[in-house]
Every structure is written in structure tokens, then in C-alpha cells.
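Student: Once you've had a glance at the structure underneath, I'll fire off some questions.
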Amino acid sequence: MAQQPIAEAFTTTKRSWWEKSIVYQIYPKSFYDSNQDGIGDLQGVIQKLDYLQEIGIDVIWLSPVYTSPMDDNGYDISDYQGIAEEFGTMEDMEQLIAEADRRGMKLIMDLVVNHTSDEHPWFAESRTNKLHPQRDWYIWKDRNENGGPPNQWQSVFGGSCWEYEPVTDQYYMHTFSKKQPDLNWENPQLRQAVYDMIHWWIEKGIAGFRVDAITFIKKVFDAAGHEVGVVKANQKGVQTFLTELSNQSFRPYDLLTVAEAPGVTLEQLSSYVGEDGYFSMLFEFDHVDLDLGKDGLWFKPKKWELSDFKKAISNSQKIFNRQGWGALYLENHDQPRSLSKFIEPDGIGPVSAKMLATVYFLLKGTPFIYQGQELGMTNTAFASVESFNDLASIDQYHSALKEGFSEADALTAVGNRSRDNARTPMQWNDTENAGFSKEKPWLAVNDNYSVVNAEHRNDPESVFSYYQQLIHLRKNSDYADVLTYGQYEEVLENHPDAIAYIRRDETKSIAVIANFKNKNVKIDLPFGVKNVILTNDSVTEKFDALKPYECAVLELLN
Ligand code: GLC
Ligand code: CA
């Protein structure tokens with residue numbers, strides 16, 4: 001077996017606190033409702049901090065809690081320095097930062113600066129007249145020669161990305177919903193206002209940001225910009241903006257910054273992240289968007305093979321062997337639940353949930369857990385289009401109907417991909433509304449809450465306990481160093497059913513092997529095993545066969 005040269009990679013890099021961290025994402029609207037209005041809130045998060053500590057996480061990523069009309073559940077911000085009423089107050093926010101700190105946890109916020117809400121005062125000013133000094137803080141264009149929108153670009157949520165404003169007889173651009181007008185990053189005053197706002201939050205004691213949709217901030221309106229299709233991310237020139245953002249706002253501090261950065265190519269990856277990059281790490285999409293149809297259509301899913309998933313993961317891991325750092329994730333608030341996406345319906349359960357956890361958690365990078373993932377939460381059922389809350393789901397449903405889908409087929413197809421799958425209330429226990437609230441929740445709870453809930457967490461066989469063990473391995477065990485800094489090496493590359501890799505440093509070699517399929521699978525391990533560190537079932541002594549979804553973490557003979 002070919003061993004990679006590991007010495008060079010170990011000597012050069014500077015180490016950062018976030019390389020050893022485990023991050024947990026909270027979608028506040030669905031986490032815990034402290035005041036019984038059916039909506040999760042900041043006091044609810046505070047009340048559950050002990051739970052987060054129990055898992056063993058270090059960093060909380062809080063999805064947006066800023067003042068917002070909630071067209072896109074807070075990703076449409078009308079005051080960056082205010083807290084949405086339904087979530088609480090600035091005092092609650094300060095209390096959350098302090099209470100998290102008391103438990104040794106840091107907090108990162110969502111930074112949404114590609115766009116604001118159309119109800120943000122900046123936009124209210126900008127839209128009044130063409131000569132207003134803030135006109136240029138947003139993107140306004142004249143009608144085209146036929147009186148229509150300036151070009152044929154489509155918004156990510158469907159329809160034209162241009163909205164006509166009769167008052168000034170111009171269109172404004174919105175990459176997302178029409179209630180989310182795009183900021184014009186070409187304007188230096190706007191950029192300065194953004195940096196000032198970022199400093200203000202850092203002064204409040206937060207430890208960094210998840211940077212929303214950031215590769216959309218550069219718009220290129222040349223001839224090539226007149227193609228039909230969804231607005232493109234990561235266009236030429238975006239690097240100039242990202243360099244300034246990073247230098248002005250991030251570099252002076254010791255932050256964790258994780259970018260949602262669609263469009264970044266494998267070749268660019270190492271220059272975007274790590275020591276010399278714009279961000280600590282970024283979320284890649286290849287491994288979660290395997291099933292996504294052309295132009296992001298959910299109802300025309302693409303067929304994918306395990307080999308596609310393996311390639312997506314190993315491509316970037318191999319880059320991180322040399323430079324940069326990974327953001328490891330299978331779920332977030334925009335994705336369906338990983339169990340429902342990757343596992344066959346009759347294989348969904350604790351064993352497969354633990355297998356998925358093992359596969360991504362021990363890669364090179366910082367692991368992210370999305371709320372409920374540690375319980376094995378799954379996709380929910382949608383009875384009709386009325387059960388969707390997410391504006392993207394509703395749009396995709398109507399597009400499916402336009403393309404000739406029956407209502408039932410549209411519901412199933414969009415339901416499989418709906419962002420609402422991730423947004424159903426957190427399942428705390430088996431009482432009414434899964435213990436999330438005494439009031440009817442803003443989005444219906446998943447029916448399986450009587451079986452899948454946090455009350456079972458002390459059972460040593462629970463998915464929750466397993467996550468605790470993975471965290472212990474990464475942070476406090478004899479294997480912590482190799483699992484954090486060790487080189488990544490792919491094995492069983494061509495195996496159609498199993499996924500396997502090795503993490504290796506000067507003193508230890510750890511293998512992760514997993515059967516990704518709902519059947520018995522034979523494997524031929526190219527190494528000798530010294531010790532079984534962790535399994536989700538009961539791997540046979542010879543390691544030549546794995547039961548459905550079986551996995552193991554093995555220490556190898558060096
Ligand atoms: C990001 C967010 C998503 C939101 C969009 C617009 O993709 O993760 O939830 O709808 O940006 O802000
Ligand atoms: Ca509430």
C-alpha cells in the first residue's frame with residue numbers, strides 16, 4: 001500500500017482553536033420554545049445549554065436571530081443590530097453569550113450580507129429616488145429595450161431575479177426572494193457599513209461567523225452575464241471583495257469563519273480557506289447535492305452512486321492534506337435529513353445513523369452537527385402543499401405542477417428535498433409536540449417523535465451516546481491528535497458498497513470502514529488491525545464482511 005509523505009504537512013501549519021472544535025447548529029425557530037407561543041427562542045436555547053454541553057460540543061452556530069419580517073425565516077434581515085421579537089431581546093442574546101461562555105462554549109452567528117430584507121432602512125432609503133446617496137447600496141437597473149427585466153437571470157428561489165419598482169421606473173436585483181434585495185458590494189460606503197456592523201458583533205463577544213451565500217456578492221454584467229439561468233456564484237472579481245472583507249473584519253481577530261460558498265472549484269479551495277485564505281473553512285456542496293437536478297430543481301432528482309459520494313469527499317480531503325481545512329457536515333437547515341437522503345427507507349435506524357456519523361465525523365476538518373441529527377431525526381411527511389412553510393419548497397412545488405407533475409407526485413418529489421424536513425421542531429421527548437412547546441408549533445412535528453427523541457439519550461445504544469463517543473475520540477482520547485491532524489488516505493476506492501479511509505500520523509494509523517448499503521458486503525482490507533476502537537454493531541474478528549450499514553473505527557498495525 002502506498003504511503004503518502006506525511007512529514008512536510010506536519011511542520012508548516014499554524015494551529016487554530018477551531019481545528020479542535022465540534023460545532024452544533026441551532027435553527028432557533030425550531031429548537032426550544034420557552035414562552036409557549038409555538039416558536040423557538042433565545043431563552044429556549046439558554047435553557048438547553050446543559051444539553052449541548054452534555055453532547056460535548058464547543059461551538060454553537062446560531063442561524064439568524066436578527067430583526068426580520070421572516071420571509072425566509074430570518075435570512076431576510078431588517079436590522080443587523082436588533083433581535084427579532086419572537087426570539088427575544090438583545091439582553092437575551094447577551095445572556096446567551098455569557099451562559100455559553102460559562103460552560104466553555106463559544107457562539108458564532110450567521111452573517112447575511114449578500115442581501116438584506118426589503119424592510120431594512122437602507123433599502124427603504126435606496127428605493128425612494130435615483131439620486132439618494134444610498135441608491136447605489138443596492139443593485140438598480142433600467143428596463144431593457146422591450147421594457148422587460150434587465151436580463152434573463154433567475155433567482156435561486158425561482159422566477160426572475162429582477163423586481164420592478166414603479167416609483168423610480170427601475171428594477172432591483174434579488175438572488176433569493178424579492179423580499180431579499182441584493183446589496184451592491186461595488187459601493188465602498190456600503191462595504192464599510194457592513195464591516196462596522198461585523199465589528200460591533202465581535203465586540204459583543206461572539207467567536208465568529210457562518211457567512212451566508214457569500215460567493216454571490218460579485219455580479220458580472222458583461223455580455224456573458226446575459227445568459228439564461230440561475231444567478232451564478234463565485235464570479236470573477238469576487239476574490240477582491242473577499243480579501244477586503246477578510247482583512248477588514250476577520251483577520252484582526254481570532255475567529256472561526258465558515259463560508260457558505262457555492263461555486264468554489266476544487267482548484268480554488270485551498271486558496272479560499274486555511275491560514276492564508278479568506279475563511280477558516282467553507283461548506284462544500286458536492287457530497288450533499290449529488291441528487292440535485294439541473295438548475296437546482298428538486299423534483300427532477302439526479303441518480304447517484306456511492307462512488308460519486310466517495311469521490312466528492314476524497315477530492316477535497318486530499319487537498320486538505322496539503323493546505324486548508326474542511327467543514328464536515330451532512331445536514332443543515334437547507335438540506336433534507338441525511339438518514340432519509342442516504343439510507344434506504346427500511347434501513348433507517350440507529351445503526352445506519354451511527355454509520356453516517358462515523359463516516360463524516362472522522363475526516364480531516366471540523367465536524368458540524370445539525371440539531372436533531374444526534375438523535376437520528378428523519379424527513380417528515382407532507383400532507384399537502386399547505387404543510388410547507390419554506391418559500392423555496394412552495395416555489396418548487398408550483399414549478400413541478402407547471403411541468404406536468406400531478407399534485408401527489410409534486411408533493412412527494414419536493415417533499416424529499418424540502419428544507420422543512422430539517423426545520424420540524426426538535427424532538428425533546430414523547431409528550432405532546434415532542435416537548436418543543438405546549439402550544440401548536442409553527443411547523444408540525446415529525447410523527448416519529450414518540451420513538452426518536454432526546455429522552456433516550458442515556459441509553460448506551462442511542463445515536464446520542466454514539467455521537468458522544470465520536471466526540472470523545474476526536475477530543476480527549478489517545479487518538480485525538482491523529483484524528484485532528486493526521487493525513488487522510490482513501491482505501492477501497494473502487495468498492496461499490498463500502499467506504500473506507502485511513503487517518504495517519506507519525507505514531508498512529510486509524511481506519512474507518514463502513515458498509516453504506518442495506519446488505520451484507522465483503523471487504524478485503526489492505527492492512528492489519530491492532531485494535532477495534534469503536535463500532536456501531538459487532539464487526540467480525542476477521543474484518544472481511546460487514547453487515548448492513550455496519551461500520552468500525554480501527555487502530556492499525558503501523
Ligand atoms: C443561504 C441560507 C438559506 C437562505 C439563503 C438566502 O443559502 O442557508 O437558508 O435561504 O442563503 O439567505
Ligand atoms: Ca417562543
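Identifiers in this document derive from the order of the C-alpha cells: chains are assigned A, B, ..., residues are numbered from 1 separately in each chain, and ligands are numbered from 1 in order of occurrence.
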May I ask you to write as JSON, numbers by chain all residues lying at most 6 Å from ligand 1, with only C-alpha atoms and all ligand atoms counted?
Tutor: {"A": [72, 75, 176, 212, 213, 334]}
Student: Kindly work out which residues sit at most 8 Å from ligand 2, using only C-alpha atoms and all ligand atoms, and give the list as a ChimeraX atom specification.
Tutor: /A:32-41,44,86-87
Student: How about saving the chosen residues, all heavy atoms kept, as a short mmCIF file (atom, residue, chain, number, x, y, z; two decimals), in the first residue's frame?
Tutor:
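Output saved as again-v3.cif:
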```
data_model
loop_
_atom_site.label_atom_id
_atom_site.label_comp_id
_atom_site.auth_asym_id
_atom_site.auth_seq_id
_atom_site.Cartn_x
_atom_site.Cartn_y
_atom_site.Cartn_z
N TYR A 32 -36.21 25.26 20.83
CA TYR A 32 -36.99 25.10 22.05
C TYR A 32 -37.76 26.38 22.36
O TYR A 32 -37.19 27.47 22.36
CB TYR A 32 -36.09 24.71 23.24
CG TYR A 32 -36.89 24.35 24.48
CD1 TYR A 32 -37.81 23.31 24.46
CD2 TYR A 32 -36.72 25.08 25.66
CE1 TYR A 32 -38.56 23.00 25.58
CE2 TYR A 32 -37.46 24.76 26.80
CZ TYR A 32 -38.37 23.72 26.74
OH TYR A 32 -39.11 23.42 27.85
N ASP A 33 -39.05 26.22 22.64
CA ASP A 33 -39.94 27.36 22.88
C ASP A 33 -40.09 27.58 24.38
O ASP A 33 -40.72 26.78 25.06
CB ASP A 33 -41.30 27.06 22.22
CG ASP A 33 -42.33 28.14 22.49
OD1 ASP A 33 -41.93 29.26 22.90
OD2 ASP A 33 -43.53 27.86 22.30
N SER A 34 -39.51 28.67 24.90
CA SER A 34 -39.52 28.88 26.35
C SER A 34 -40.80 29.57 26.84
O SER A 34 -41.14 29.49 28.01
CB SER A 34 -38.32 29.73 26.77
OG SER A 34 -38.51 31.08 26.37
N ASN A 35 -41.50 30.28 25.94
CA ASN A 35 -42.64 31.08 26.42
C ASN A 35 -43.98 30.66 25.80
O ASN A 35 -44.94 31.41 25.80
CB ASN A 35 -42.39 32.57 26.20
CG ASN A 35 -42.26 32.89 24.72
OD1 ASN A 35 -42.11 31.98 23.89
ND2 ASN A 35 -42.34 34.15 24.38
N GLN A 36 -43.98 29.45 25.25
CA GLN A 36 -45.24 28.83 24.80
C GLN A 36 -46.02 29.67 23.79
O GLN A 36 -47.22 29.88 23.95
CB GLN A 36 -46.12 28.49 26.02
CG GLN A 36 -45.40 27.84 27.20
CD GLN A 36 -44.53 26.63 26.81
OE1 GLN A 36 -44.78 25.97 25.81
NE2 GLN A 36 -43.51 26.35 27.58
N ASP A 37 -45.33 30.11 22.74
CA ASP A 37 -46.06 30.72 21.63
C ASP A 37 -45.88 29.91 20.35
O ASP A 37 -46.23 30.35 19.25
CB ASP A 37 -45.63 32.18 21.41
CG ASP A 37 -44.16 32.31 21.05
OD1 ASP A 37 -43.46 31.27 21.02
OD2 ASP A 37 -43.71 33.44 20.80
N GLY A 38 -45.29 28.71 20.49
CA GLY A 38 -45.14 27.83 19.34
C GLY A 38 -43.90 28.10 18.51
O GLY A 38 -43.67 27.45 17.49
N ILE A 39 -43.09 29.08 18.96
CA ILE A 39 -41.89 29.46 18.21
C ILE A 39 -40.67 29.35 19.13
O ILE A 39 -40.67 29.89 20.24
CB ILE A 39 -42.02 30.92 17.70
CG1 ILE A 39 -43.24 31.06 16.79
CG2 ILE A 39 -40.75 31.37 16.98
CD1 ILE A 39 -43.55 32.48 16.39
N GLY A 40 -39.65 28.68 18.68
CA GLY A 40 -38.42 28.58 19.46
C GLY A 40 -37.82 29.96 19.69
O GLY A 40 -38.11 30.90 18.95
N ASP A 41 -36.99 30.11 20.72
CA ASP A 41 -36.48 31.44 21.07
C ASP A 41 -35.16 31.35 21.81
O ASP A 41 -34.68 30.26 22.13
CB ASP A 41 -37.54 32.19 21.89
CG ASP A 41 -38.13 31.29 22.98
OD1 ASP A 41 -37.34 30.78 23.80
OD2 ASP A 41 -39.37 31.05 22.98
N GLY A 44 -35.10 29.76 25.11
CA GLY A 44 -35.16 28.32 24.88
C GLY A 44 -33.77 27.74 24.66
O GLY A 44 -33.45 26.66 25.18
N GLU A 86 -39.88 37.70 18.18
CA GLU A 86 -40.29 36.35 18.55
C GLU A 86 -39.15 35.55 19.17
O GLU A 86 -39.38 34.56 19.85
CB GLU A 86 -40.90 35.59 17.37
CG GLU A 86 -40.11 35.60 16.08
CD GLU A 86 -40.49 36.76 15.16
OE1 GLU A 86 -40.14 37.91 15.49
OE2 GLU A 86 -41.10 36.50 14.10
N PHE A 87 -37.91 35.98 18.94
CA PHE A 87 -36.77 35.25 19.52
C PHE A 87 -36.34 35.83 20.87
O PHE A 87 -35.68 35.15 21.65
CB PHE A 87 -35.59 35.26 18.56
CG PHE A 87 -35.83 34.42 17.31
CD1 PHE A 87 -35.19 34.73 16.12
CD2 PHE A 87 -36.69 33.33 17.33
CE1 PHE A 87 -35.40 33.97 14.96
CE2 PHE A 87 -36.91 32.55 16.19
CZ PHE A 87 -36.27 32.88 15.00
#
```
Student: Can you tell me which residues surround range 419-434 of chain A at a distance of at most 8 Å, considering only C-alpha atoms, apart from same-chain residues fewer than 4 positions away, and format the answer as a short mmCIF file (atom, residue, chain, number, x, y, z; two decimals) with C-alpha atoms, in the first residue's frame?
Tutor:
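The result, stored in around-v8.cif:
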```
data_model
loop_
_atom_site.label_atom_id
_atom_site.label_comp_id
_atom_site.auth_asym_id
_atom_site.auth_seq_id
_atom_site.Cartn_x
_atom_site.Cartn_y
_atom_site.Cartn_z
CA TYR A 27 -32.13 26.74 13.96
CA SER A 30 -37.34 25.05 15.87
CA PHE A 31 -35.09 24.40 18.85
CA TYR A 32 -36.99 25.10 22.05
CA GLU A 331 -27.05 18.22 7.34
CA ASN A 332 -28.11 21.80 7.86
CA HIS A 333 -31.30 23.87 7.70
CA ASP A 334 -31.29 23.83 3.88
CA GLN A 335 -30.88 20.08 3.45
CA PRO A 336 -33.17 17.11 3.96
CA ARG A 337 -32.22 14.82 6.84
CA GLN A 371 -29.86 19.95 15.66
CA GLY A 372 -31.62 16.60 15.91
CA THR A 378 -35.50 11.92 9.73
CA ASN A 379 -37.52 13.61 7.00
CA THR A 380 -41.15 14.28 7.76
CA PHE A 388 -44.83 23.54 3.57
CA ASN A 389 -43.59 26.70 5.25
CA ASP A 390 -40.35 27.13 3.27
CA ALA A 392 -38.35 27.50 -1.80
CA SER A 393 -40.44 24.34 -1.30
CA GLY A 415 -41.10 16.66 -0.06
CA LYS A 438 -47.08 23.44 24.85
CA GLU A 439 -48.60 25.48 22.04
CA LYS A 440 -49.12 24.28 18.47
CA PRO A 441 -45.68 24.70 16.84
CA LEU A 443 -44.33 23.86 11.79
CA ALA A 444 -45.76 20.43 12.55
CA VAL A 445 -43.59 17.98 14.50
CA ASN A 446 -42.44 14.81 12.79
CA TYR A 449 -41.22 11.80 17.93
CA SER A 450 -42.51 9.14 20.29
CA VAL A 451 -39.64 6.88 19.18
CA VAL A 452 -36.97 9.37 18.12
CA ASN A 453 -36.38 11.86 20.94
CA ALA A 454 -33.80 13.15 23.37
CA GLU A 455 -35.20 11.23 26.36
#
```
Student: Quote the spacing between CA of Ser465 in chain A and CA of Lys530 in chain A in Å to one decimal place.
Tutor: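 The value is 24.5 Å.
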Student: Which neighbours of range 60-70 of chain A fall inside 6 Å, counting only C-alpha atoms, when residues of the same chain fewer than 4 positions from it are skipped, and could you give them as a PyMOL selection string?
Tutor: chain A and resi 23-27+74+76-80+82-84+107-110
Student: Any chance you can output those residues with N, CA and C atoms as a compact mmCIF listing (two decimals), in the first residue's frame?
Tutor:
```txt
# COMPACT_ATOMS: atom_id res chain seq x y z
N VAL A 23 -18.80 21.74 16.23
CA VAL A 23 -19.81 22.79 16.12
C VAL A 23 -21.21 22.17 16.06
N TYR A 24 -22.15 22.84 16.68
CA TYR A 24 -23.56 22.39 16.67
C TYR A 24 -24.41 23.53 16.13
N GLN A 25 -25.16 23.26 15.09
CA GLN A 25 -26.01 24.30 14.51
C GLN A 25 -27.40 24.31 15.11
N ILE A 26 -27.82 25.49 15.54
CA ILE A 26 -29.17 25.67 16.07
C ILE A 26 -30.00 26.50 15.09
N TYR A 27 -31.15 25.98 14.73
CA TYR A 27 -32.13 26.74 13.96
C TYR A 27 -33.14 27.22 14.99
N GLY A 74 -35.66 34.62 8.74
CA GLY A 74 -34.56 35.36 9.36
C GLY A 74 -33.37 35.60 8.45
N ASP A 76 -33.62 37.18 5.96
CA ASP A 76 -34.00 38.47 5.40
C ASP A 76 -33.99 39.45 6.57
N ILE A 77 -32.90 40.18 6.71
CA ILE A 77 -32.66 40.96 7.93
C ILE A 77 -33.05 42.43 7.74
N SER A 78 -33.84 42.94 8.68
CA SER A 78 -34.22 44.36 8.58
C SER A 78 -33.48 45.21 9.61
N ASP A 79 -32.78 44.58 10.56
CA ASP A 79 -31.90 45.34 11.46
C ASP A 79 -30.81 44.39 11.96
N TYR A 80 -29.59 44.64 11.49
CA TYR A 80 -28.48 43.77 11.88
C TYR A 80 -28.12 43.88 13.35
N GLY A 82 -30.39 44.37 15.81
CA GLY A 82 -31.56 44.10 16.64
C GLY A 82 -31.86 42.61 16.66
N ILE A 83 -32.69 42.20 17.63
CA ILE A 83 -33.09 40.80 17.74
C ILE A 83 -34.58 40.70 17.39
N ALA A 84 -34.95 39.69 16.62
CA ALA A 84 -36.35 39.50 16.24
C ALA A 84 -37.19 39.34 17.51
N LEU A 107 -19.88 31.03 20.67
CA LEU A 107 -21.05 31.22 19.82
C LEU A 107 -20.65 31.90 18.52
N ILE A 108 -21.09 31.33 17.40
CA ILE A 108 -20.92 32.06 16.14
C ILE A 108 -22.30 32.38 15.56
N MET A 109 -22.38 33.51 14.87
CA MET A 109 -23.65 33.99 14.32
C MET A 109 -23.65 33.81 12.80
N ASP A 110 -24.84 33.82 12.25
CA ASP A 110 -24.96 33.81 10.80
C ASP A 110 -24.73 35.24 10.32
```
Student: Considering only C-alpha atoms, return as a compact mmCIF listing (two decimals) with N, CA and C atoms, in the first residue's frame whatever protein or nucleic-acid residues lie within 10 Å of Val491 in chain A, sequence-local ones (same chain, fewer than 3 positions apart) excluded.
Tutor:
```txt
# COMPACT_ATOMS: atom_id res chain seq x y z
N MET A 1 0.84 -1.20 0.00
CA MET A 1 0.00 0.00 0.00
C MET A 1 0.89 1.26 0.00
N TYR A 488 -5.11 12.21 5.50
CA TYR A 488 -6.23 11.41 5.00
C TYR A 488 -5.73 10.54 3.86
N ASN A 494 -12.42 1.58 -5.12
CA ASN A 494 -13.33 1.07 -6.14
C ASN A 494 -14.42 0.15 -5.60
N HIS A 495 -14.49 0.04 -4.29
CA HIS A 495 -15.52 -0.81 -3.72
C HIS A 495 -16.90 -0.16 -3.93
N ALA A 498 -18.82 -0.17 -0.02
CA ALA A 498 -18.19 0.23 1.24
C ALA A 498 -17.38 1.50 1.04
N ILE A 499 -17.25 2.23 2.13
CA ILE A 499 -16.43 3.44 2.10
C ILE A 499 -15.40 3.29 3.21
N ALA A 500 -14.16 3.64 2.92
CA ALA A 500 -13.11 3.45 3.91
C ALA A 500 -11.99 4.46 3.72
N TYR A 501 -11.43 4.87 4.85
CA TYR A 501 -10.27 5.77 4.76
C TYR A 501 -9.39 5.59 6.00
N ILE A 502 -8.16 6.07 5.88
CA ILE A 502 -7.21 6.00 6.98
C ILE A 502 -6.80 7.41 7.38
N ALA A 511 -8.18 3.49 10.89
CA ALA A 511 -9.02 3.26 9.70
C ALA A 511 -10.48 3.39 10.07
N VAL A 512 -11.24 3.96 9.16
CA VAL A 512 -12.69 3.98 9.26
C VAL A 512 -13.20 3.11 8.12
N ILE A 513 -13.98 2.10 8.43
CA ILE A 513 -14.59 1.29 7.37
C ILE A 513 -16.09 1.25 7.58
N LEU A 525 -9.48 -6.02 3.40
CA LEU A 525 -8.76 -4.90 3.98
C LEU A 525 -7.26 -4.97 3.69
N PRO A 526 -6.72 -3.90 3.19
CA PRO A 526 -5.30 -3.90 2.83
C PRO A 526 -4.41 -3.52 4.01
N PHE A 527 -4.80 -3.89 5.22
CA PHE A 527 -3.96 -3.55 6.37
C PHE A 527 -4.24 -4.52 7.52
```
Student: Which residues come within 8 Å of Thr257 in chain A, counting only C-alpha atoms, excluding same-chain residues fewer than 3 positions away, as a PyMOL selection string?
Tutor: chain A and resi 208-211+250+279-281
Student: Would you please work out which residue, of A:Gly486, A:Gly296, A:Gly158, A:Gly324, is nearest to Leu363 in chain A when using only C-alpha atoms?
Tutor: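 For Leu363 in chain A, the nearest of the candidates is A:Gly486.
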Student: Give the alpha helix (DSSP H) residues of range 294-342 of chain A, as DSSP finds them on the backbone, and put them as a ChimeraX atom specification.
Tutor: /A:306-320,338-342
Student: Any chance you can output those residues with N, CA, C and O atoms as a tab-separated table (two decimals), in the first residue's frame?
Tutor:
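See result.tsv below for the written result:
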```tsv
chain	number	residue	atom	x	y	z
A	306	LEU	N	-22.75	5.45	-4.90
A	306	LEU	CA	-21.84	5.66	-3.76
A	306	LEU	C	-20.49	6.20	-4.24
A	306	LEU	O	-19.86	7.02	-3.56
A	307	SER	N	-20.07	5.76	-5.43
A	307	SER	CA	-18.77	6.23	-5.93
A	307	SER	C	-18.75	7.75	-6.09
A	307	SER	O	-17.72	8.39	-5.89
A	308	ASP	N	-19.90	8.36	-6.43
A	308	ASP	CA	-19.96	9.83	-6.55
A	308	ASP	C	-19.74	10.48	-5.18
A	308	ASP	O	-19.02	11.47	-5.05
A	309	PHE	N	-20.38	9.91	-4.18
A	309	PHE	CA	-20.23	10.42	-2.81
A	309	PHE	C	-18.77	10.30	-2.35
A	309	PHE	O	-18.19	11.23	-1.81
A	310	LYS	N	-18.19	9.13	-2.61
A	310	LYS	CA	-16.80	8.88	-2.19
A	310	LYS	C	-15.85	9.87	-2.87
A	310	LYS	O	-14.95	10.41	-2.24
A	311	LYS	N	-16.09	10.07	-4.16
A	311	LYS	CA	-15.23	10.99	-4.90
A	311	LYS	C	-15.36	12.41	-4.36
A	311	LYS	O	-14.37	13.11	-4.15
A	312	ALA	N	-16.60	12.83	-4.11
A	312	ALA	CA	-16.83	14.20	-3.62
A	312	ALA	C	-16.06	14.42	-2.32
A	312	ALA	O	-15.45	15.47	-2.10
A	313	ILE	N	-16.08	13.42	-1.46
A	313	ILE	CA	-15.41	13.57	-0.17
A	313	ILE	C	-13.89	13.51	-0.31
A	313	ILE	O	-13.17	14.36	0.20
A	314	SER	N	-13.41	12.53	-1.06
A	314	SER	CA	-11.95	12.36	-1.10
A	314	SER	C	-11.27	13.47	-1.89
A	314	SER	O	-10.16	13.86	-1.58
A	315	ASN	N	-11.94	14.02	-2.89
A	315	ASN	CA	-11.35	15.11	-3.67
A	315	ASN	C	-10.87	16.25	-2.77
A	315	ASN	O	-9.74	16.70	-2.88
A	316	SER	N	-11.75	16.69	-1.88
A	316	SER	CA	-11.33	17.83	-1.06
A	316	SER	C	-10.45	17.40	0.10
A	316	SER	O	-9.54	18.12	0.50
A	317	GLN	N	-10.68	16.20	0.64
A	317	GLN	CA	-9.81	15.73	1.72
A	317	GLN	C	-8.35	15.68	1.27
A	317	GLN	O	-7.44	16.03	2.02
A	318	LYS	N	-8.13	15.26	0.04
A	318	LYS	CA	-6.76	15.19	-0.46
A	318	LYS	C	-6.13	16.57	-0.56
A	318	LYS	O	-4.93	16.74	-0.33
A	319	ILE	N	-6.96	17.56	-0.86
A	319	ILE	CA	-6.45	18.94	-0.88
A	319	ILE	C	-6.09	19.38	0.54
A	319	ILE	O	-5.04	19.97	0.77
A	320	PHE	N	-6.94	19.02	1.51
A	320	PHE	CA	-6.68	19.44	2.89
A	320	PHE	C	-5.45	18.74	3.48
A	320	PHE	O	-4.95	19.14	4.52
A	338	SER	N	-30.14	13.58	6.66
A	338	SER	CA	-29.18	12.70	5.98
A	338	SER	C	-29.63	11.24	5.98
A	338	SER	O	-29.39	10.51	5.02
A	339	LEU	N	-30.30	10.82	7.04
A	339	LEU	CA	-30.77	9.43	7.08
A	339	LEU	C	-31.73	9.17	5.92
A	339	LEU	O	-31.68	8.13	5.26
A	340	SER	N	-32.62	10.11	5.67
A	340	SER	CA	-33.61	9.92	4.61
A	340	SER	C	-32.98	10.05	3.23
A	340	SER	O	-33.46	9.47	2.27
A	341	LYS	N	-31.91	10.81	3.15
A	341	LYS	CA	-31.28	11.02	1.86
A	341	LYS	C	-30.35	9.88	1.47
A	341	LYS	O	-30.36	9.43	0.32
A	342	PHE	N	-29.56	9.40	2.41
A	342	PHE	CA	-28.51	8.44	2.07
A	342	PHE	C	-28.87	6.98	2.34
A	342	PHE	O	-28.20	6.08	1.86
```
Student: So, counting only C-alpha atoms, which residue among A:Lys354, A:Lys236, A:Lys179, A:Lys517 is closest to Tyr467 in chain A?
Tutor: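 Nearest candidate to Tyr467 in chain A out of A:Lys354, A:Lys236, A:Lys179, A:Lys517: A:Lys354.
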Student: For the structure I just gave you, how does DSSP split range 308-478 of chain A - specifically, which residues are strand (DSSP E or B)? Reply as a count of residues only.
Tutor: 8
Student: Report, in Å with one decimal, the straight-line distance from CA of Trp122 in chain A to CA of Trp140 in chain A.
Tutor: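 That distance, rounded to one decimal, is 13.7 Å.
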Student: Counting only C-alpha atoms, figure out which residue out of A:Pro262, A:Lys14, A:Ala381, A:His132 gets nearest to Asp276 in chain A.
Tutor: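 For Asp276 in chain A, the nearest of the given residues is A:Lys14.
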Student: Would you mind listing what lies within 12 Å of Thr265 in chain A as a list in words, with only C-alpha atoms counted and same-chain residues fewer than 6 positions away left out?
Tutor: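 My list of contacting residues is Thr215, Ala233, Asn234, Gln235, Ser271, Tyr272, Leu282, Phe283, Glu284, Phe285, Asp286, Ala312, Asn315, Ser316 and Ile319 of chain A.
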Student: Which of these, A:Glu490, A:His398, A:Val539, A:Gln323, has the shortest distance to Glu267 in chain A once you count only C-alpha atoms?
Tutor: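 Closest to Glu267 in chain A of all the choices is A:Gln323.
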Student: Restricting the calculation to only C-alpha atoms: of A:Arg417, A:Lys29, A:Arg135, A:Arg127, which residue gets closest to Tyr164 in chain A?
Tutor: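 The answer is A:Arg127, which sits nearest to Tyr164 in chain A.
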